[in-house]
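The file target.pdb contains PDB, C-alpha atoms, pLDDT in the B column:
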ATOM      1  CA  MET A  30       0.000   0.000   0.000  1.00 82.00           C
ATOM      2  CA  ARG A  31       2.899   2.293   0.762  1.00 89.00           C
ATOM      3  CA  TYR A  32       4.273   1.714  -2.760  1.00 89.00           C
ATOM      4  CA  TRP A  33       1.057   2.920  -4.406  1.00 92.00           C
ATOM      5  CA  GLY A  34       0.721   5.832  -1.991  1.00 94.00           C
ATOM      6  CA  PHE A  35       4.188   7.002  -2.954  1.00 94.00           C
ATOM      7  CA  LEU A  36       3.232   6.794  -6.646  1.00 94.00           C
ATOM      8  CA  LEU A  37       0.106   8.867  -5.997  1.00 96.00           C
ATOM      9  CA  ALA A  38       2.169  11.455  -4.083  1.00 96.00           C
ATOM     10  CA  LYS A  39       4.639  11.722  -6.966  1.00 96.00           C
ATOM     11  CA  LEU A  40       1.805  12.032  -9.483  1.00 96.00           C
ATOM     12  CA  ALA A  41       0.211  14.759  -7.339  1.00 97.00           C
ATOM     13  CA  GLY A  42       3.534  16.622  -7.233  1.00 97.00           C
ATOM     14  CA  ALA A  43       3.902  16.266 -10.988  1.00 97.00           C
ATOM     15  CA  GLY A  44       0.329  17.521 -11.438  1.00 97.00           C
ATOM     16  CA  LEU A  45       1.120  20.560  -9.301  1.00 97.00           C
ATOM     17  CA  LEU A  46       4.233  21.263 -11.391  1.00 97.00           C
ATOM     18  CA  ILE A  47       2.224  20.882 -14.614  1.00 97.00           C
ATOM     19  CA  TRP A  48      -0.462  23.224 -13.294  1.00 97.00           C
ATOM     20  CA  ALA A  49       2.175  25.832 -12.374  1.00 97.00           C
ATOM     21  CA  ALA A  50       3.687  25.643 -15.875  1.00 96.00           C
ATOM     22  CA  TRP A  51       0.248  25.981 -17.460  1.00 95.00           C
ATOM     23  CA  PHE A  52      -0.560  28.955 -15.224  1.00 94.00           C
ATOM     24  CA  ALA A  53       2.721  30.641 -16.223  1.00 94.00           C
ATOM     25  CA  ILE A  54       1.885  30.176 -19.907  1.00 92.00           C
ATOM     26  CA  ALA A  55      -1.630  31.528 -19.332  1.00 89.00           C
ATOM     27  CA  LEU A  56      -0.165  34.646 -17.671  1.00 90.00           C
ATOM     28  CA  CYS A  57       2.284  35.247 -20.516  1.00 89.00           C
ATOM     29  CA  PHE A  58      -0.294  34.829 -23.287  1.00 86.00           C
ATOM     30  CA  PRO A  59      -3.699  36.247 -22.301  1.00 79.00           C
ATOM     31  CA  ASN A  60      -6.775  35.791 -24.509  1.00 72.00           C
ATOM     32  CA  SER A  61      -7.404  38.698 -26.832  1.00 69.00           C
ATOM     33  CA  ILE A  62     -10.779  40.413 -26.908  1.00 64.00           C
ATOM     34  CA  HIS A  63     -12.220  41.307 -30.298  1.00 62.00           C
ATOM     35  CA  PHE A  64     -15.226  43.473 -30.999  1.00 61.00           C
ATOM     36  CA  LYS A  65     -17.758  42.915 -33.768  1.00 64.00           C
ATOM     37  CA  GLY A  66     -18.046  46.098 -35.761  1.00 62.00           C
ATOM     38  CA  ASN A  67     -18.345  49.314 -33.795  1.00 63.00           C
ATOM     39  CA  SER A  68     -20.415  47.880 -30.953  1.00 59.00           C
ATOM     40  CA  LYS A  69     -18.715  47.596 -27.572  1.00 61.00           C
ATOM     41  CA  PHE A  70     -21.327  45.146 -26.341  1.00 62.00           C
ATOM     42  CA  GLU A  71     -20.742  42.387 -28.861  1.00 65.00           C
ATOM     43  CA  ALA A  72     -17.288  41.177 -27.870  1.00 62.00           C
ATOM     44  CA  TYR A  73     -15.781  37.708 -27.916  1.00 66.00           C
ATOM     45  CA  GLU A  74     -12.562  36.224 -26.625  1.00 67.00           C
ATOM     46  CA  LEU A  75     -10.211  34.638 -29.116  1.00 70.00           C
ATOM     47  CA  SER A  76      -7.813  31.914 -28.006  1.00 73.00           C
ATOM     48  CA  PRO A  77      -4.274  32.613 -29.197  1.00 77.00           C
ATOM     49  CA  PHE A  78      -3.627  28.935 -30.015  1.00 76.00           C
ATOM     50  CA  THR A  79      -3.932  29.116 -33.796  1.00 74.00           C
ATOM     51  CA  HIS A  80      -3.337  32.861 -34.102  1.00 77.00           C
ATOM     52  CA  ASP A  81      -0.136  33.354 -32.134  1.00 81.00           C
ATOM     53  CA  LEU A  82       2.962  31.378 -33.136  1.00 88.00           C
ATOM     54  CA  GLY A  83       4.734  31.924 -29.803  1.00 88.00           C
ATOM     55  CA  TYR A  84       1.749  30.571 -27.874  1.00 89.00           C
ATOM     56  CA  THR A  85       1.434  27.568 -30.178  1.00 89.00           C
ATOM     57  CA  ILE A  86       5.119  26.697 -29.731  1.00 92.00           C
ATOM     58  CA  ALA A  87       4.826  27.197 -25.967  1.00 93.00           C
ATOM     59  CA  MET A  88       1.874  24.778 -25.880  1.00 92.00           C
ATOM     60  CA  MET A  89       3.797  22.181 -27.900  1.00 95.00           C
ATOM     61  CA  VAL A  90       6.738  22.438 -25.490  1.00 96.00           C
ATOM     62  CA  PHE A  91       4.300  22.294 -22.558  1.00 96.00           C
ATOM     63  CA  PHE A  92       2.713  19.098 -23.928  1.00 97.00           C
ATOM     64  CA  SER A  93       6.154  17.483 -24.362  1.00 97.00           C
ATOM     65  CA  PHE A  94       7.046  18.547 -20.818  1.00 97.00           C
ATOM     66  CA  CYS A  95       3.843  16.974 -19.429  1.00 97.00           C
ATOM     67  CA  VAL A  96       4.343  13.664 -21.232  1.00 97.00           C
ATOM     68  CA  GLY A  97       8.027  13.513 -20.262  1.00 97.00           C
ATOM     69  CA  LEU A  98       7.298  14.288 -16.608  1.00 97.00           C
ATOM     70  CA  ILE A  99       4.624  11.597 -16.303  1.00 97.00           C
ATOM     71  CA  TYR A 100       6.932   9.113 -18.055  1.00 96.00           C
ATOM     72  CA  LEU A 101       9.762   9.886 -15.606  1.00 96.00           C
ATOM     73  CA  VAL A 102       7.468   9.471 -12.598  1.00 96.00           C
ATOM     74  CA  ILE A 103       6.302   6.038 -13.785  1.00 94.00           C
ATOM     75  CA  TRP A 104       9.811   4.975 -14.834  1.00 93.00           C
ATOM     76  CA  ASP A 105      11.224   5.954 -11.431  1.00 94.00           C
ATOM     77  CA  GLN A 106       8.459   4.083  -9.607  1.00 93.00           C
ATOM     78  CA  ARG A 107       9.093   0.924 -11.618  1.00 90.00           C
ATOM     79  CA  TYR A 108      12.662   0.639 -10.322  1.00 91.00           C
ATOM     80  CA  ARG A 109      11.857   1.045  -6.626  1.00 92.00           C
ATOM     81  CA  CYS A 110      11.609  -1.594  -3.919  1.00 91.00           C
ATOM     82  CA  ARG A 111       8.005  -2.545  -3.192  1.00 88.00           C
ATOM     83  CA  THR A 112       8.711  -2.656   0.560  1.00 87.00           C
ATOM     84  CA  CYS A 113      11.102   0.158   1.493  1.00 89.00           C
ATOM     85  CA  LEU A 114      10.720   2.394  -1.626  1.00 90.00           C
ATOM     86  CA  ARG A 115      14.481   2.665  -2.118  1.00 91.00           C
ATOM     87  CA  ARG A 116      15.926   2.572  -5.629  1.00 92.00           C
ATOM     88  CA  LEU A 117      16.834  -0.933  -6.772  1.00 91.00           C
ATOM     89  CA  ARG A 118      20.561  -1.407  -7.297  1.00 90.00           C
ATOM     90  CA  MET A 119      23.146  -3.858  -8.569  1.00 89.00           C
ATOM     91  CA  PRO A 120      21.870  -4.746 -12.060  1.00 90.00           C
ATOM     92  CA  VAL A 121      22.982  -8.219 -13.088  1.00 90.00           C
ATOM     93  CA  THR A 122      22.516  -9.504 -16.613  1.00 88.00           C
ATOM     94  CA  ALA A 123      21.438 -13.115 -17.009  1.00 85.00           C
ATOM     95  CA  GLY A 124      20.599 -15.296 -19.979  1.00 83.00           C
ATOM     96  CA  SER A 125      22.237 -15.224 -23.368  1.00 80.00           C
ATOM     97  CA  TRP A 126      21.416 -13.541 -26.666  1.00 80.00           C
ATOM     98  CA  PRO A 127      22.932 -16.235 -28.928  1.00 81.00           C
ATOM     99  CA  ASN A 128      21.666 -19.197 -26.849  1.00 80.00           C
ATOM    100  CA  MET A 129      18.114 -18.156 -25.958  1.00 76.00           C
ATOM    101  CA  LEU A 130      16.732 -21.683 -26.227  1.00 76.00           C
ATOM    102  CA  LEU A 131      19.425 -23.370 -24.121  1.00 78.00           C
ATOM    103  CA  ILE A 132      20.359 -20.869 -21.425  1.00 77.00           C
ATOM    104  CA  GLY A 133      17.311 -18.616 -21.344  1.00 75.00           C
ATOM    105  CA  GLN A 134      16.226 -15.247 -22.622  1.00 81.00           C
ATOM    106  CA  PRO A 135      18.385 -12.285 -21.683  1.00 86.00           C
ATOM    107  CA  ARG A 136      17.169 -10.315 -18.701  1.00 87.00           C
ATOM    108  CA  THR A 137      18.411  -7.841 -16.135  1.00 90.00           C
ATOM    109  CA  GLU A 138      17.895  -8.458 -12.436  1.00 91.00           C
ATOM    110  CA  TYR A 139      17.857  -5.641  -9.891  1.00 92.00           C
ATOM    111  CA  ILE A 140      17.900  -6.249  -6.145  1.00 90.00           C
ATOM    112  CA  CYS A 141      16.990  -4.239  -3.099  1.00 88.00           C
ATOM    113  CA  ILE A 142      20.145  -3.596  -1.092  1.00 87.00           C
ATOM    114  CA  TYR A 143      18.244  -4.510   2.075  1.00 85.00           C
ATOM    115  CA  GLY A 144      17.142  -7.876   0.672  1.00 83.00           C
ATOM    116  CA  HIS A 145      13.431  -7.219   0.294  1.00 87.00           C
ATOM    117  CA  GLY A 146      13.183  -8.602  -3.225  1.00 88.00           C
ATOM    118  CA  THR A 147      14.390  -8.883  -6.806  1.00 90.00           C
ATOM    119  CA  LEU A 148      13.034  -7.242  -9.965  1.00 90.00           C
ATOM    120  CA  ILE A 149      13.524  -9.236 -13.173  1.00 89.00           C
ATOM    121  CA  VAL A 150      13.251  -7.132 -16.343  1.00 88.00           C
ATOM    122  CA  PRO A 151      13.224  -9.116 -19.615  1.00 85.00           C
ATOM    123  CA  GLU A 152      15.368  -7.710 -22.429  1.00 83.00           C
ATOM    124  CA  VAL A 153      13.562  -9.552 -25.240  1.00 79.00           C
ATOM    125  CA  GLN A 154      10.020  -8.481 -26.082  1.00 74.00           C
ATOM    126  CA  LEU A 155       8.952 -10.766 -28.911  1.00 72.00           C
ATOM    127  CA  THR A 156       5.236 -10.877 -28.118  1.00 71.00           C
ATOM    128  CA  GLY A 157       4.786  -7.289 -26.992  1.00 69.00           C
ATOM    129  CA  GLY A 158       5.721  -5.521 -23.801  1.00 66.00           C
ATOM    130  CA  ALA A 159       6.663  -8.172 -21.277  1.00 68.00           C
ATOM    131  CA  SER A 160       5.937  -7.158 -17.715  1.00 75.00           C
ATOM    132  CA  SER A 161       8.591  -7.077 -15.044  1.00 77.00           C
ATOM    133  CA  ASP A 162       8.476  -9.700 -12.337  1.00 84.00           C
ATOM    134  CA  TRP A 163       8.933  -8.701  -8.687  1.00 85.00           C
ATOM    135  CA  GLU A 164       9.986 -11.558  -6.432  1.00 85.00           C
ATOM    136  CA  PRO A 165       9.805 -10.721  -2.728  1.00 85.00           C
ATOM    137  CA  HIS A 166      12.245 -12.412  -0.352  1.00 82.00           C
ATOM    138  CA  GLU A 167      11.085 -13.569   3.061  1.00 76.00           C
ATOM    139  CA  ASP A 168      14.146 -12.847   5.152  1.00 70.00           C
ATOM    140  CA  ILE A 169      17.505 -12.725   3.415  1.00 68.00           C
ATOM    141  CA  TRP A 170      19.456 -13.542   6.563  1.00 68.00           C
ATOM    142  CA  THR A 171      17.513 -16.770   7.161  1.00 74.00           C
ATOM    143  CA  GLU A 172      18.094 -17.762   3.550  1.00 71.00           C
ATOM    144  CA  LEU A 173      21.819 -17.106   3.854  1.00 71.00           C
ATOM    145  CA  GLU A 174      22.038 -19.021   7.138  1.00 76.00           C
ATOM    146  CA  SER A 175      20.234 -22.007   5.647  1.00 78.00           C
ATOM    147  CA  ILE A 176      22.597 -22.039   2.664  1.00 77.00           C
ATOM    148  CA  GLU A 177      25.576 -21.801   5.017  1.00 79.00           C
ATOM    149  CA  ALA A 178      24.192 -24.600   7.205  1.00 82.00           C
ATOM    150  CA  GLY A 179      23.692 -26.790   4.131  1.00 78.00           C
ATOM    151  CA  LYS A 180      27.382 -26.482   3.231  1.00 73.00           C
ATOM    152  CA  LYS A 181      28.535 -27.822   6.617  1.00 66.00           C
TER     153      LYS A 181
END
Please express what this file holds, its structure, as structure tokens.
Amino acid sequence: MRYWGFLLAKLAGAGLLIWAAWFAIALCFPNSIHFKGNSKFEAYELSPFTHDLGYTIAMMVFFSFCVGLIYLVIWDQRYRCRTCLRRLRMPVTAGSWPNMLLIGQPRTEYICIYGHGTLIVPEVQLTGGASSDWEPHEDIWTELESIEAGKK
């Protein structure tokens, strides 16, 4: 639950940053008011989107900024530990590109430095976007002690 709460907090922060950028653009490029004929009572507001090149370019940059920011938030969340929310470290490559049938498909494994789990990210995506696999570990010290006891 903490993992998803952290994602929502980051998305809320990104939304606040996006709103601030949009507000700054709105302050720099106000809507223009045009009058029909000589009457002061028949006025309408005209959006500068298709009439002002600077505003149109600013909106294109703003859209790219929004998409990039959301992508970075999701990408950062993907490589975090599901338990302690720390960044996953120590990438290890496994599998083999030339021997996919014998050894296994190439993949990268990231681990939590506190032993909470392992994230396996496949490198080959033949049938579409393969999802990452998070494998939680019970208690790394008990696992290590059992391996050490088995060697004796």
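Between Ala49 in chain A and the residues A:Met89, A:Cys95, A:Met119, A:Leu114, the shortest atom-to-atom distance, using only C-alpha atoms, involves A:Cys95.
Our summary of the geometry notes that CA of Tyr143 in chain A is positioned 26.0 Å from CA of Leu40 in chain A.
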Practice item. Have a look at CA of Ser93 in chain A and CA of Ala55 in chain A and let me know their distance in Å, one decimal. Key: 16.8 Å
Practice item. Would you kindly return, as number ranges by chain, each protein, DNA or RNA residue with an atom no farther than 12 Å from any atom of range 159-176 of chain A, considering all atoms listed in the file and excluding same-chain residues fewer than 5 positions away? Key: A: 107-113, 117, 134, 136-154, 181
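Shortest separation to Thr85 in chain A among A:Ile47, A:Leu130, A:Ile103, A:Ile54 occurs at residue A:Ile54, atoms counted being all atoms listed in the file.
Using only C-alpha atoms, the smallest distance between any of A:Ala53, A:Met30, A:Asn128, A:Val102 and Tyr84 in chain A comes from A:Ala53.
Among the candidate residues A:Arg116, A:Phe58, A:Trp33, A:Ile99, the one lying nearest to Leu82 in chain A is A:Phe58, with distances computed using only C-alpha atoms.
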Exercise for review: Find the distance between CA of Pro120 in chain A and CA of Phe94 in chain A and write it in Å to one decimal.
Suggested key: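 Between CA of Pro120 in chain A and CA of Phe94 in chain A the gap is 29.0 Å.
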Point to revise | Among listed residues A:Trp48, A:Trp126, A:Trp104, A:Tyr32, nearest Phe91 in chain A (using all atoms listed in the file) | key: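 Nearest to Phe91 in chain A: A:Trp48.
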Check your understanding: Looking at only C-alpha atoms, which of A:Leu131, A:Ala178, A:Ala123, A:Leu98 is the one that sits closest to Leu46 in chain A?
Key ->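 Of A:Leu131, A:Ala178, A:Ala123, A:Leu98, the one nearest Leu46 in chain A, counting only C-alpha atoms, is A:Leu98.
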Padding of 6 Å on every side, edges along x, y and z, all listed atoms of range 141-153 of chain A included: what centre and edge lengths in Å, to one decimal, does that box have, as AutoDock Vina command-line options?
--center_x 16.6 --center_y -6.6 --center_z -11.6 --size_x 19.1 --size_y 18.0 --size_z 39.3
